[in-house]
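File shown: entry.tsv (TSV, C-alpha atoms).
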```tsv
chain	number	residue	atom	x	y	z
U	1	MET	CA	69.98	-73.05	-12.96
U	2	THR	CA	69.91	-71.16	-16.24
U	3	GLU	CA	71.70	-67.83	-16.03
U	4	LEU	CA	69.30	-64.90	-16.27
U	5	THR	CA	70.29	-61.52	-17.67
U	6	GLY	CA	67.97	-59.56	-15.42
U	7	LYS	CA	65.98	-58.00	-18.29
U	8	SER	CA	62.33	-58.25	-17.28
U	9	ARG	CA	59.18	-58.00	-19.32
U	10	TRP	CA	55.45	-58.28	-18.61
U	11	PHE	CA	53.25	-60.58	-20.70
U	12	LEU	CA	49.49	-60.82	-20.74
U	13	VAL	CA	48.54	-64.33	-19.65
U	14	PRO	CA	46.86	-65.86	-22.75
U	15	CYS	CA	45.17	-68.82	-21.04
U	16	PRO	CA	42.47	-69.20	-18.37
U	17	ASP	CA	43.63	-68.97	-14.76
U	18	TYR	CA	42.24	-72.37	-13.80
U	19	ASP	CA	43.27	-74.26	-16.95
U	20	VAL	CA	46.22	-76.14	-15.45
U	21	PRO	CA	47.49	-77.88	-18.64
U	22	ALA	CA	47.25	-74.66	-20.65
U	23	MET	CA	49.07	-72.59	-18.02
U	24	GLU	CA	51.88	-75.13	-17.70
U	25	SER	CA	52.23	-75.43	-21.50
U	26	TRP	CA	52.39	-71.67	-21.95
U	27	LEU	CA	55.08	-71.23	-19.28
U	28	GLU	CA	57.15	-74.02	-20.85
U	29	GLU	CA	56.83	-72.41	-24.28
U	30	GLN	CA	57.98	-69.09	-22.80
U	31	ALA	CA	61.11	-70.82	-21.45
U	32	LEU	CA	61.88	-72.15	-24.94
U	33	HIS	CA	61.90	-68.50	-26.06
U	34	GLY	CA	64.21	-67.48	-23.21
U	35	TRP	CA	61.63	-66.04	-20.81
U	36	TYR	CA	61.35	-67.35	-17.24
U	37	LEU	CA	58.64	-66.54	-14.71
U	38	THR	CA	60.08	-64.34	-11.95
U	39	LYS	CA	59.89	-65.10	-8.25
U	40	ASP	CA	59.53	-61.53	-7.02
U	41	ASP	CA	56.81	-60.09	-9.24
U	42	GLY	CA	55.04	-63.20	-10.54
U	43	PHE	CA	51.49	-62.34	-11.55
U	44	PHE	CA	49.58	-59.09	-11.31
U	45	LEU	CA	46.15	-58.18	-12.76
U	46	GLY	CA	46.23	-60.78	-15.52
U	47	LEU	CA	49.88	-60.07	-16.34
U	48	ALA	CA	52.94	-62.24	-15.69
U	49	CYS	CA	56.46	-60.92	-15.19
U	50	PHE	CA	59.31	-62.77	-16.91
U	51	VAL	CA	63.08	-62.38	-16.86
U	52	SER	CA	65.19	-63.19	-19.89
U	53	GLY	CA	67.77	-65.97	-20.05
U	54	ALA	CA	69.17	-68.62	-22.36
U	55	PRO	CA	66.37	-70.61	-24.07
U	56	LYS	CA	65.98	-74.04	-22.52
U	57	ARG	CA	63.42	-76.79	-22.11
U	58	VAL	CA	61.89	-76.32	-18.67
U	59	ARG	CA	59.05	-78.12	-16.97
U	60	TYR	CA	56.51	-76.03	-15.07
U	61	ARG	CA	53.97	-77.59	-12.74
U	62	LEU	CA	51.04	-76.15	-10.79
U	63	ASP	CA	50.22	-77.75	-7.46
U	64	ALA	CA	47.19	-76.97	-5.31
U	65	ILE	CA	48.02	-75.11	-2.11
U	66	PRO	CA	47.62	-77.55	0.81
U	67	LYS	CA	44.74	-76.89	3.18
U	68	GLU	CA	45.94	-75.30	6.41
U	69	LYS	CA	44.89	-76.24	9.91
U	70	ALA	CA	42.20	-74.11	11.49
U	71	PHE	CA	43.62	-71.05	13.30
U	72	ALA	CA	47.17	-71.88	12.17
U	73	GLU	CA	49.60	-69.07	12.97
U	74	PHE	CA	51.67	-69.70	9.87
U	75	PRO	CA	51.16	-71.73	6.66
U	76	GLU	CA	53.00	-74.81	7.88
U	77	ASN	CA	51.40	-77.16	5.34
U	78	LYS	CA	52.36	-74.92	2.43
U	79	ALA	CA	55.91	-74.51	3.71
U	80	ALA	CA	56.21	-78.29	4.09
U	81	ALA	CA	54.94	-78.83	0.54
U	82	ILE	CA	57.47	-76.36	-0.87
U	83	GLU	CA	60.31	-77.95	1.11
U	84	LEU	CA	59.37	-81.42	-0.13
U	85	ALA	CA	59.25	-80.24	-3.75
U	86	GLN	CA	62.68	-78.65	-3.38
U	87	GLU	CA	64.09	-81.89	-1.99
U	88	LEU	CA	62.84	-83.58	-5.17
U	89	GLY	CA	64.72	-81.04	-7.28
U	90	TRP	CA	61.84	-78.72	-8.11
U	91	GLU	CA	62.29	-74.97	-7.70
U	92	TYR	CA	59.46	-73.01	-6.09
U	93	VAL	CA	58.72	-69.92	-8.18
U	94	THR	CA	55.58	-68.10	-6.99
U	95	GLU	CA	52.02	-68.45	-5.79
U	96	ARG	CA	48.81	-67.44	-7.51
U	97	LYS	CA	45.26	-67.90	-6.27
U	98	GLU	CA	44.97	-71.56	-5.18
U	99	PHE	CA	48.17	-72.77	-6.88
U	100	LEU	CA	51.89	-73.03	-6.14
U	101	PHE	CA	54.13	-72.71	-9.21
U	102	TYR	CA	57.21	-74.94	-9.55
U	103	ARG	CA	59.76	-75.48	-12.32
U	104	CYS	CA	62.47	-77.99	-13.04
U	105	MET	CA	65.31	-77.64	-15.59
U	106	ASP	CA	66.59	-81.20	-15.20
U	107	GLU	CA	64.71	-83.48	-17.58
U	108	THR	CA	65.96	-86.60	-15.74
U	109	LEU	CA	64.21	-85.81	-12.47
U	110	PRO	CA	60.82	-87.48	-11.84
U	111	GLU	CA	57.52	-85.63	-12.06
U	112	LEU	CA	56.39	-83.62	-9.08
U	113	ASN	CA	53.12	-85.55	-8.90
U	114	THR	CA	52.97	-89.06	-10.33
U	115	ASP	CA	49.62	-90.25	-9.01
U	116	PRO	CA	46.59	-88.88	-10.96
U	117	ALA	CA	44.30	-89.72	-8.02
U	118	VAL	CA	46.34	-87.50	-5.71
U	119	GLN	CA	46.27	-84.69	-8.28
U	120	ALA	CA	42.50	-85.04	-8.58
U	121	LEU	CA	42.18	-84.84	-4.81
U	122	SER	CA	44.31	-81.70	-4.69
U	123	LEU	CA	42.23	-80.07	-7.43
U	124	LYS	CA	39.08	-80.89	-5.47
U	125	ARG	CA	40.10	-78.35	-2.84
U	126	VAL	CA	40.67	-75.75	-5.55
U	127	GLN	CA	37.28	-76.52	-7.06
U	128	SER	CA	35.63	-76.27	-3.64
U	129	ALA	CA	37.21	-72.86	-3.03
U	130	LEU	CA	36.03	-71.69	-6.45
U	131	SER	CA	32.54	-73.04	-5.71
U	132	GLY	CA	32.50	-71.00	-2.52
U	133	ARG	CA	33.34	-67.81	-4.41
U	134	ILE	CA	30.66	-68.51	-7.00
U	135	PHE	CA	28.10	-69.07	-4.24
U	136	ASN	CA	29.10	-65.84	-2.50
U	137	VAL	CA	28.73	-63.88	-5.73
U	138	CYS	CA	25.32	-65.44	-6.40
U	139	TYR	CA	24.15	-64.89	-2.84
U	140	PHE	CA	25.31	-61.34	-2.15
U	141	LEU	CA	24.70	-59.94	-5.62
U	142	PHE	CA	21.59	-61.84	-6.71
U	143	LEU	CA	19.90	-63.96	-4.04
U	144	TYR	CA	20.30	-61.62	-1.04
U	145	PRO	CA	19.06	-58.48	-2.87
U	146	PHE	CA	16.14	-60.46	-4.30
U	147	LEU	CA	15.13	-61.85	-0.90
U	148	ASN	CA	15.66	-58.47	0.75
U	149	LEU	CA	13.46	-56.73	-1.80
U	150	SER	CA	10.86	-59.46	-1.88
U	151	LEU	CA	10.50	-60.03	1.86
U	152	ARG	CA	11.81	-57.08	3.84
U	153	PHE	CA	11.42	-54.30	1.25
U	154	PRO	CA	8.86	-55.72	-1.20
U	155	ALA	CA	9.15	-52.98	-3.81
U	156	VAL	CA	11.14	-54.38	-6.73
U	157	LEU	CA	9.99	-51.99	-9.45
U	158	LEU	CA	10.29	-48.99	-7.12
U	159	SER	CA	13.85	-50.07	-6.31
U	160	VAL	CA	14.71	-50.42	-10.00
U	161	LEU	CA	13.33	-46.95	-10.76
U	162	THR	CA	15.19	-45.50	-7.76
U	163	LEU	CA	18.43	-47.10	-8.90
U	164	GLY	CA	17.72	-46.33	-12.55
U	165	THR	CA	16.70	-49.03	-15.03
U	166	LEU	CA	19.76	-48.61	-17.24
U	167	ARG	CA	22.07	-48.61	-14.22
U	168	PHE	CA	20.32	-51.70	-12.84
U	169	LEU	CA	20.60	-53.54	-16.17
U	170	GLY	CA	24.26	-52.52	-16.45
U	171	LEU	CA	25.08	-53.82	-12.96
U	172	PHE	CA	23.17	-57.05	-13.58
U	173	PHE	CA	24.77	-57.65	-16.99
U	174	ILE	CA	28.32	-57.08	-15.71
U	175	MET	CA	27.85	-59.43	-12.77
U	176	ALA	CA	26.31	-62.05	-15.06
U	177	VAL	CA	29.34	-61.88	-17.38
U	178	LEU	CA	31.79	-62.20	-14.47
U	179	LEU	CA	29.78	-65.03	-12.99
U	180	ILE	CA	29.73	-66.92	-16.30
U	181	GLY	CA	33.54	-66.71	-16.39
U	182	ALA	CA	33.80	-68.17	-12.88
U	183	VAL	CA	31.39	-70.98	-13.75
U	184	ARG	CA	33.44	-71.77	-16.87
U	185	ASP	CA	36.59	-72.09	-14.72
U	186	TRP	CA	34.72	-74.38	-12.33
U	187	ARG	CA	33.56	-76.64	-15.16
U	188	ARG	CA	37.09	-76.75	-16.58
U	189	LEU	CA	38.46	-77.93	-13.23
U	190	LYS	CA	35.67	-80.49	-12.91
U	191	LYS	CA	36.50	-81.91	-16.35
U	192	LEU	CA	40.21	-82.14	-15.47
U	193	ARG	CA	39.44	-83.86	-12.14
U	194	SER	CA	37.22	-86.40	-13.88
U	195	HIS	CA	40.02	-87.11	-16.36
U	196	LEU	CA	42.53	-87.65	-13.54
U	197	ARG	CA	40.17	-89.82	-11.49
U	198	SER	CA	39.73	-92.11	-14.47
U	199	GLY	CA	43.51	-92.69	-14.54
U	200	GLY	CA	44.41	-90.13	-17.19
U	201	ARG	CA	47.30	-87.72	-16.96
U	202	ILE	CA	47.67	-84.01	-17.62
U	203	GLU	CA	48.57	-83.60	-21.27
U	204	HIS	CA	50.64	-80.62	-22.35
U	205	THR	CA	49.69	-79.59	-25.87
U	206	ASN	CA	49.38	-76.37	-27.86
U	207	GLY	CA	45.59	-76.45	-27.60
U	208	TRP	CA	45.60	-73.28	-25.55
U	209	HIS	CA	46.50	-71.36	-28.73
U	210	ASP	CA	42.94	-71.95	-30.00
U	211	GLU	CA	41.45	-69.96	-27.11
U	212	LYS	CA	44.24	-67.39	-26.89
U	213	THR	CA	42.32	-64.53	-28.54
U	214	ARG	CA	39.15	-65.10	-26.51
U	215	CYS	CA	41.08	-65.46	-23.27
U	216	ILE	CA	43.09	-62.27	-23.81
U	217	ALA	CA	39.89	-60.40	-24.65
U	218	GLU	CA	38.32	-61.64	-21.41
U	219	LYS	CA	41.33	-60.64	-19.32
U	220	ILE	CA	41.23	-57.14	-20.80
U	221	LEU	CA	37.45	-56.90	-20.51
U	222	HIS	CA	37.08	-58.16	-16.93
U	223	PRO	CA	38.94	-55.32	-15.13
U	224	ILE	CA	37.16	-52.81	-17.36
U	225	LEU	CA	33.77	-54.31	-16.50
U	226	THR	CA	34.69	-54.39	-12.81
U	227	ALA	CA	35.67	-50.70	-12.91
U	228	VAL	CA	32.44	-49.83	-14.73
U	229	TRP	CA	30.44	-51.83	-12.15
U	230	PHE	CA	31.95	-49.87	-9.26
U	231	ALA	CA	31.50	-46.59	-11.17
U	232	LEU	CA	27.80	-47.34	-11.72
U	233	LEU	CA	27.33	-48.24	-8.08
U	234	LEU	CA	29.29	-45.21	-6.89
U	235	SER	CA	27.24	-42.91	-9.12
U	236	PHE	CA	24.13	-44.05	-7.26
U	237	VAL	CA	25.66	-43.96	-3.76
U	238	VAL	CA	27.09	-40.47	-4.23
U	239	GLY	CA	23.70	-39.32	-5.50
U	240	ARG	CA	22.66	-36.71	-7.95
U	241	THR	CA	22.87	-32.96	-7.44
U	242	ASP	CA	19.75	-30.91	-6.79
U	243	ALA	CA	18.46	-29.95	-10.23
U	244	SER	CA	15.10	-28.59	-9.08
U	245	VAL	CA	13.81	-25.25	-10.31
U	246	ARG	CA	11.32	-22.89	-8.70
U	247	VAL	CA	7.86	-22.92	-10.23
U	248	THR	CA	6.00	-19.63	-10.54
U	249	ASP	CA	3.01	-20.93	-12.50
U	250	ALA	CA	1.52	-24.02	-10.82
U	251	SER	CA	-0.88	-24.55	-13.73
U	252	THR	CA	1.99	-25.94	-15.80
U	253	LEU	CA	2.39	-28.90	-13.46
U	254	PRO	CA	0.86	-32.27	-14.39
U	255	VAL	CA	-1.00	-32.52	-11.07
U	256	PRO	CA	-2.59	-29.90	-8.83
U	257	THR	CA	-0.64	-28.60	-5.88
U	258	LEU	CA	-1.83	-29.06	-2.32
U	259	SER	CA	-2.35	-25.32	-1.96
U	260	ALA	CA	-4.59	-25.32	-5.05
U	261	ILE	CA	-6.61	-28.29	-3.78
U	262	LEU	CA	-7.12	-26.63	-0.39
U	263	GLN	CA	-7.65	-23.25	-2.10
U	264	ARG	CA	-4.97	-21.61	-0.05
U	265	PRO	CA	-2.87	-19.38	-2.29
U	266	ILE	CA	0.90	-19.25	-2.08
U	267	THR	CA	2.31	-16.06	-0.57
U	268	PRO	CA	5.43	-15.06	-2.59
U	269	THR	CA	6.74	-12.91	0.25
U	270	ASP	CA	6.72	-15.84	2.69
U	271	ASP	CA	9.98	-17.78	2.49
U	272	ARG	CA	8.12	-20.92	3.54
U	273	ASP	CA	5.81	-20.69	0.50
U	274	THR	CA	7.54	-22.26	-2.47
U	275	ILE	CA	7.03	-24.85	-5.21
U	276	ARG	CA	10.02	-26.57	-6.80
U	277	LEU	CA	10.08	-29.05	-9.68
U	278	GLU	CA	12.72	-31.59	-10.66
U	279	GLU	CA	12.25	-33.50	-13.90
U	280	ALA	CA	13.76	-36.91	-14.60
U	281	SER	CA	13.36	-39.78	-17.04
U	282	ASP	CA	13.82	-43.53	-16.98
U	283	LEU	CA	13.65	-46.35	-19.49
U	284	LEU	CA	10.49	-47.70	-17.84
U	285	ALA	CA	9.10	-44.31	-16.82
U	286	PRO	CA	9.81	-41.66	-19.50
U	287	VAL	CA	8.34	-38.90	-17.30
U	288	ILE	CA	9.13	-38.52	-13.60
U	289	ASN	CA	8.33	-35.17	-11.96
U	290	GLU	CA	9.22	-34.55	-8.33
U	291	ILE	CA	7.29	-31.62	-6.91
U	292	SER	CA	8.26	-30.16	-3.54
U	293	GLU	CA	5.73	-27.74	-2.11
U	294	GLY	CA	5.62	-25.79	1.10
U	295	PHE	CA	3.16	-23.17	2.26
U	296	GLY	CA	2.89	-22.04	5.83
U	297	SER	CA	3.49	-25.12	7.99
U	298	TYR	CA	2.27	-27.53	5.30
U	299	ILE	CA	4.71	-29.65	3.29
U	300	CYS	CA	3.80	-31.82	0.31
U	301	ASP	CA	6.29	-33.94	-1.67
U	302	THR	CA	4.58	-35.27	-4.79
U	303	THR	CA	6.02	-37.57	-7.44
U	304	TYR	CA	4.28	-37.93	-10.78
U	305	TYR	CA	5.11	-40.94	-13.00
U	306	GLU	CA	4.22	-41.76	-16.58
U	307	LEU	CA	5.16	-45.38	-17.23
U	308	ARG	CA	5.36	-47.38	-20.44
U	309	THR	CA	2.34	-49.59	-19.79
U	310	PRO	CA	-0.67	-49.62	-17.42
U	311	TRP	CA	0.46	-52.87	-15.76
U	312	LEU	CA	3.80	-51.26	-14.87
U	313	ALA	CA	1.91	-48.31	-13.39
U	314	LYS	CA	-0.30	-50.62	-11.32
U	315	TRP	CA	2.79	-52.54	-10.18
U	316	LEU	CA	4.49	-49.29	-9.11
U	317	ALA	CA	1.41	-48.12	-7.17
U	318	GLY	CA	1.39	-51.46	-5.35
U	319	ASP	CA	5.13	-51.15	-4.68
U	320	LEU	CA	4.66	-47.72	-3.12
U	321	TRP	CA	1.96	-49.12	-0.83
U	322	ARG	CA	4.02	-52.21	0.04
U	323	TYR	CA	7.11	-50.12	0.78
U	324	ASP	CA	5.21	-48.03	3.34
U	325	HIS	CA	3.71	-51.16	4.90
U	326	ARG	CA	7.01	-53.00	5.10
U	327	LYS	CA	8.24	-54.37	8.40
U	328	LEU	CA	10.58	-52.20	10.40
U	329	PHE	CA	13.96	-54.00	10.66
U	330	GLY	CA	12.13	-57.22	9.74
U	331	LYS	CA	10.36	-57.43	13.14
U	332	SER	CA	7.31	-55.20	13.38
U	333	ALA	CA	5.26	-53.26	10.85
U	334	TYR	CA	4.99	-49.49	10.77
U	335	GLU	CA	1.99	-48.06	12.65
U	336	ILE	CA	-0.41	-47.19	9.85
U	337	THR	CA	-3.95	-45.83	9.88
U	338	GLU	CA	-5.88	-46.44	6.65
U	339	PHE	CA	-8.24	-43.81	5.22
U	340	PRO	CA	-11.08	-45.48	3.28
U	341	LEU	CA	-11.71	-43.95	-0.13
U	342	PRO	CA	-14.84	-44.13	-2.32
U	343	ASP	CA	-14.75	-45.02	-6.01
U	344	LEU	CA	-12.69	-42.26	-7.64
U	345	GLY	CA	-12.69	-43.69	-11.16
U	346	ALA	CA	-9.04	-44.63	-10.75
U	347	ASP	CA	-7.50	-48.07	-11.20
U	348	THR	CA	-5.74	-47.88	-7.80
U	349	ALA	CA	-6.14	-45.48	-4.90
U	350	TYR	CA	-4.66	-45.57	-1.39
U	351	SER	CA	-4.58	-43.11	1.47
U	352	TYR	CA	-3.26	-43.67	4.98
U	353	TYR	CA	-1.29	-42.16	7.82
U	354	GLY	CA	2.10	-43.51	8.84
U	355	ARG	CA	3.65	-42.67	12.17
U	356	TYR	CA	7.11	-42.14	10.68
U	357	TYR	CA	6.28	-40.25	7.50
U	358	GLY	CA	2.89	-38.51	7.85
U	359	ASN	CA	-0.04	-38.74	5.46
U	360	ARG	CA	0.18	-40.58	2.17
U	361	VAL	CA	-1.92	-40.53	-1.00
U	362	ILE	CA	-1.32	-42.84	-3.99
U	363	VAL	CA	-3.47	-42.77	-7.12
U	364	GLN	CA	-3.00	-44.71	-10.38
U	365	LYS	CA	-4.93	-44.48	-13.61
U	366	GLY	CA	-3.74	-46.05	-16.87
U	367	CYS	CA	-0.03	-45.37	-17.27
U	368	LYS	CA	0.05	-42.55	-14.70
U	369	VAL	CA	0.80	-42.68	-11.00
U	370	VAL	CA	0.72	-39.89	-8.41
U	371	SER	CA	2.35	-40.40	-5.03
U	372	ALA	CA	2.32	-37.73	-2.32
U	373	TYR	CA	3.73	-37.47	1.20
U	374	ILE	CA	1.89	-34.73	3.11
U	375	TRP	CA	2.77	-33.19	6.44
U	376	TRP	CA	-0.54	-32.06	7.93
U	377	PRO	CA	-0.05	-29.81	10.99
U	378	SER	CA	-3.69	-28.68	11.16
U	379	ASP	CA	-6.10	-29.90	13.82
U	380	ASP	CA	-8.68	-30.41	11.10
U	381	ALA	CA	-9.21	-33.92	9.75
U	382	PHE	CA	-6.95	-34.83	6.87
U	383	PRO	CA	-9.00	-34.45	3.63
U	384	ALA	CA	-7.88	-37.73	2.10
U	385	GLU	CA	-10.84	-38.07	-0.28
U	386	THR	CA	-10.55	-34.48	-1.53
U	387	ILE	CA	-6.86	-34.78	-2.32
U	388	ALA	CA	-7.13	-38.27	-3.85
U	389	ARG	CA	-10.06	-37.19	-6.04
U	390	ALA	CA	-8.15	-34.12	-7.26
U	391	PHE	CA	-5.21	-36.35	-8.25
U	392	ALA	CA	-7.54	-38.87	-9.91
U	393	ASP	CA	-9.25	-36.16	-11.95
U	394	ALA	CA	-5.88	-34.73	-13.02
U	395	ILE	CA	-4.55	-38.02	-14.44
U	396	SER	CA	-7.80	-39.33	-15.94
```

Just give me the structure of the file as structure tokens.
Amino acid sequence: MTELTGKSRWFLVPCPDYDVPAMESWLEEQALHGWYLTKDDGFFLGLACFVSGAPKRVRYRLDAIPKEKAFAEFPENKAAAIELAQELGWEYVTERKEFLFYRCMDETLPELNTDPAVQALSLKRVQSALSGRIFNVCYFLFLYPFLNLSLRFPAVLLSVLTLGTLRFLGLFFIMAVLLIGAVRDWRRLKKLRSHLRSGGRIEHTNGWHDEKTRCIAEKILHPILTAVWFALLLSFVVGRTDASVRVTDASTLPVPTLSAILQRPITPTDDRDTIRLEEASDLLAPVINEISEGFGSYICDTTYYELRTPWLAKWLAGDLWRYDHRKLFGKSAYEITEFPLPDLGADTAYSYYGRYYGNRVIVQKGCKVVSAYIWWPSDDAFPAETIARAFADAIS
């Protein structure tokens, strides 16, 4: 064993995690410069810890971690593999992901693995594990949300606007980049397995130097992208602060208020009588106004959208209708009573009563959409046509 001075240093790993020949070649080159991979610290967040010693030619080998028995209380297969390697003169160093790291300073000792077919079989388990992770990423971050939105909550555009288009694109882009990296590792392992199955052997060359810059950039970029992904998601989960302001002149609003439609004036001295406005903007909908109105026992929450194109507006109006008609917990639909509307001159118009949210009016014309939830405590019939026509006239 080469004497080590105890001086440690961290190095950024300049080769892909699943590129076995490149990783082994880099570790051997480090030994020629007097740096040896440590047993205690090993790898951490794309970094590798080395301890200094006399420069020497050292062989490093990566071996796939043996598959354990189901419900095993301790990793007996892995322990047996390490013990066997040590009997052959190979020193166990550390473990990372699906690999065990060994080294040997005696050039006369035989290779740890001499049968390419056995190596290919070992790498198959690593490739299968990596395939499972890729599938989980695709399912939980792409397929499951898509199916959930399409089948259980069929309101894709509404979900994007709720999340924020830029935030949605940022989350999607980051996951696509991380997924591409995982797929590249999978293809690299597949290529190596094919080479071994055909009788070839792992060749240790300096080819990893050609991808050093790109690999280092990826290792720096990946944790940053992951942190940004969680920050974007957290910014949505935490939610925004209430930025609404009280409106004293309802004529400045883009749509009439419920009190104006019913010709029931707001009483400033009544604490229940108030109109508040919160303005927002999105890449697909430059104007989003949320109007909260209360007078007496009546409550009306209206959202006014101006989208980029009429087809987006029609899509959003359909999403609002589909969201209210979605199935509750995927089993039964909400109890909804439809209110038939005459021709209002709008492109889309809906009005109905939902047991869990009250009365609903949705009107779309051109690029504009008005959506209102209305709590109607009166014994009088809900004036669906009157309210929908007032909204239609306002956005025409």

Quiz item: What is the distance, in Å and to one decimal place, between atom CA of U:Ile299 and atom CA of U:Gly366?
Solution: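 For atom CA of U:Ile299 relative to atom CA of U:Gly366, the distance reads 27.3 Å.
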
Quiz item: Looking at all atoms listed in the file, which of U:Arg57, U:Lys365, U:Arg187, U:Arg214 is the one that sits closest to U:Arg389?
Solution: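 Checking each candidate against U:Arg389, we get U:Lys365 as the closest.
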
Quiz item: Which one of U:Val93, U:Ser259, U:Pro14, U:Glu293 sits closest to U:Leu47 if you count only C-alpha atoms?
Solution: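 Among U:Val93, U:Ser259, U:Pro14, U:Glu293, it is U:Pro14 that comes nearest to U:Leu47.
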
Self-check item: Who sits within 7 Å of U:Ile288, all atoms listed in the file, same chain under 3 positions skipped, as JSON, numbers by chain
Solution: {"U": [279, 280, 281, 285, 303, 304, 305, 306]}

Quiz prompt | Spatial neighbours of U:Phe172, max dist 12 Å, all atoms listed in the file, sep filter under 4 positions, as a list in words | solution =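 Within the cut-off, the hits are Val137, Cys138, Leu141, Phe142, Pro145, Val160, Leu163, Thr165, Leu166, Arg167, Phe168, Ala176, Val177, Leu178, Leu179, Leu225, Thr226, Val228, Trp229, Leu232 and Leu233 of chain U.
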
Quiz item: Could you name the residues that touch U:Asp17 at 12 Å or less, counting all atoms listed in the file, but leaving out those on the same chain fewer than 5 positions away, as an NGL selection string?
Solution: :U and (12 or 22-24 or 26 or 43 or 45-48 or 62 or 96-99 or 126 or 130 or 181-182 or 184-186 or 188-189 or 208 or 215-216 or 218-219)

Quiz item: Which one is closest to U:Ser292: U:Asp379, U:Ile224, U:Ile275, U:Ala54? Count all atoms listed in the file.
Solution: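 Of all the options, U:Ile275 lies closest to U:Ser292.
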
Exercise. Could you check how far atom CA of U:Glu95 sits from atom CA of U:Leu196, in Å to one decimal?
Key: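 Those two atoms sit 22.8 Å apart.
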
Quiz item: In Å to one decimal, how far is atom CA of U:Ser52 from atom CA of U:Arg9?
Solution: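 Going from atom CA of U:Arg9 over to atom CA of U:Ser52 covers 8.0 Å.
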
Output, as AutoDock Vina command-line options, the centre and edge lengths in Å (one decimal) of the axis-aligned box that contains all listed atoms of stretch 96-111 of chain U with 6 Å of margin on each side.
```
--center_x 55.8 --center_y -77.5 --center_z -11.4 --size_x 33.6 --size_y 32.0 --size_z 24.4
```

Using all atoms listed in the file, find each residue of stretch 350-384 of chain U with at least one atom at most 10 Å away from an atom of stretch 314-326 of chain U; report its shortest atom-to-atom pair and that distance in Å (one decimal), sort the rows by chain and rising residue number, and return the result as JSON lines.
```
{"residue": "U:Tyr350", "atom": "CA", "partner": "U:Trp321", "partner_atom": "CA", "distance": 7.5}
{"residue": "U:Ser351", "atom": "CA", "partner": "U:Trp321", "partner_atom": "CA", "distance": 9.2}
{"residue": "U:Tyr352", "atom": "CA", "partner": "U:Trp321", "partner_atom": "CA", "distance": 9.5}
{"residue": "U:Tyr353", "atom": "CA", "partner": "U:Asp324", "partner_atom": "CA", "distance": 9.8}
{"residue": "U:Gly354", "atom": "CA", "partner": "U:Asp324", "partner_atom": "CA", "distance": 7.8}
{"residue": "U:Tyr356", "atom": "CA", "partner": "U:Asp324", "partner_atom": "CA", "distance": 9.6}
{"residue": "U:Tyr357", "atom": "CA", "partner": "U:Asp324", "partner_atom": "CA", "distance": 8.9}
{"residue": "U:Arg360", "atom": "CA", "partner": "U:Asp324", "partner_atom": "CA", "distance": 9.1}
{"residue": "U:Val361", "atom": "CA", "partner": "U:Trp321", "partner_atom": "CA", "distance": 9.4}
{"residue": "U:Ile362", "atom": "CA", "partner": "U:Ala317", "partner_atom": "CA", "distance": 6.7}
{"residue": "U:Val363", "atom": "CA", "partner": "U:Ala317", "partner_atom": "CA", "distance": 7.2}
{"residue": "U:Gln364", "atom": "CA", "partner": "U:Ala317", "partner_atom": "CA", "distance": 6.4}
{"residue": "U:Lys365", "atom": "CA", "partner": "U:Lys314", "partner_atom": "CA", "distance": 8.0}
{"residue": "U:Gly366", "atom": "CA", "partner": "U:Lys314", "partner_atom": "CA", "distance": 8.0}
{"residue": "U:Cys367", "atom": "CA", "partner": "U:Lys314", "partner_atom": "CA", "distance": 7.9}
{"residue": "U:Lys368", "atom": "CA", "partner": "U:Lys314", "partner_atom": "CA", "distance": 8.8}
{"residue": "U:Val369", "atom": "CA", "partner": "U:Ala317", "partner_atom": "CA", "distance": 6.7}
{"residue": "U:Val370", "atom": "CA", "partner": "U:Ala317", "partner_atom": "CA", "distance": 8.4}
{"residue": "U:Ser371", "atom": "CA", "partner": "U:Leu320", "partner_atom": "CA", "distance": 7.9}
```

Quiz item: U:Ser198, U:Thr38, U:Gln127, U:Ser25: which is nearest U:Ser8, counting all atoms listed in the file?
Solution: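 The answer is U:Thr38, which sits nearest to U:Ser8.
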
Practice problem: Fewer than 3 positions away in the same chain doesn't count, so skip those; otherwise give me all residues within 12 Å of U:His195, counting only C-alpha atoms, as a PyMOL selection string. | Solution: chain U and resi 116-117+119-121+123+188-192+198-203

Exercise. Would you kindly identify which residues have an atom no farther than 10 Å from (61.0, -71.1, -2.4), using all atoms listed in the file and the file's own coordinates, and write them out as a PyMOL selection string?
Key: chain U and resi 39+79+82-83+85-86+90-95+101-102

Self-check item: Top pick for closest residue to U:Pro223, considering U:Phe44, U:Asn289, U:Gly34, U:Pro340 and counting only C-alpha atoms
Solution: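 The closest residue to U:Pro223 is U:Phe44.
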
Exercise. Considering all atoms listed in the file, state which residue in the set U:Glu28, U:Glu111, U:Asp63, U:Glu211 is at the smallest distance from U:Arg125.
Key: U:Asp63
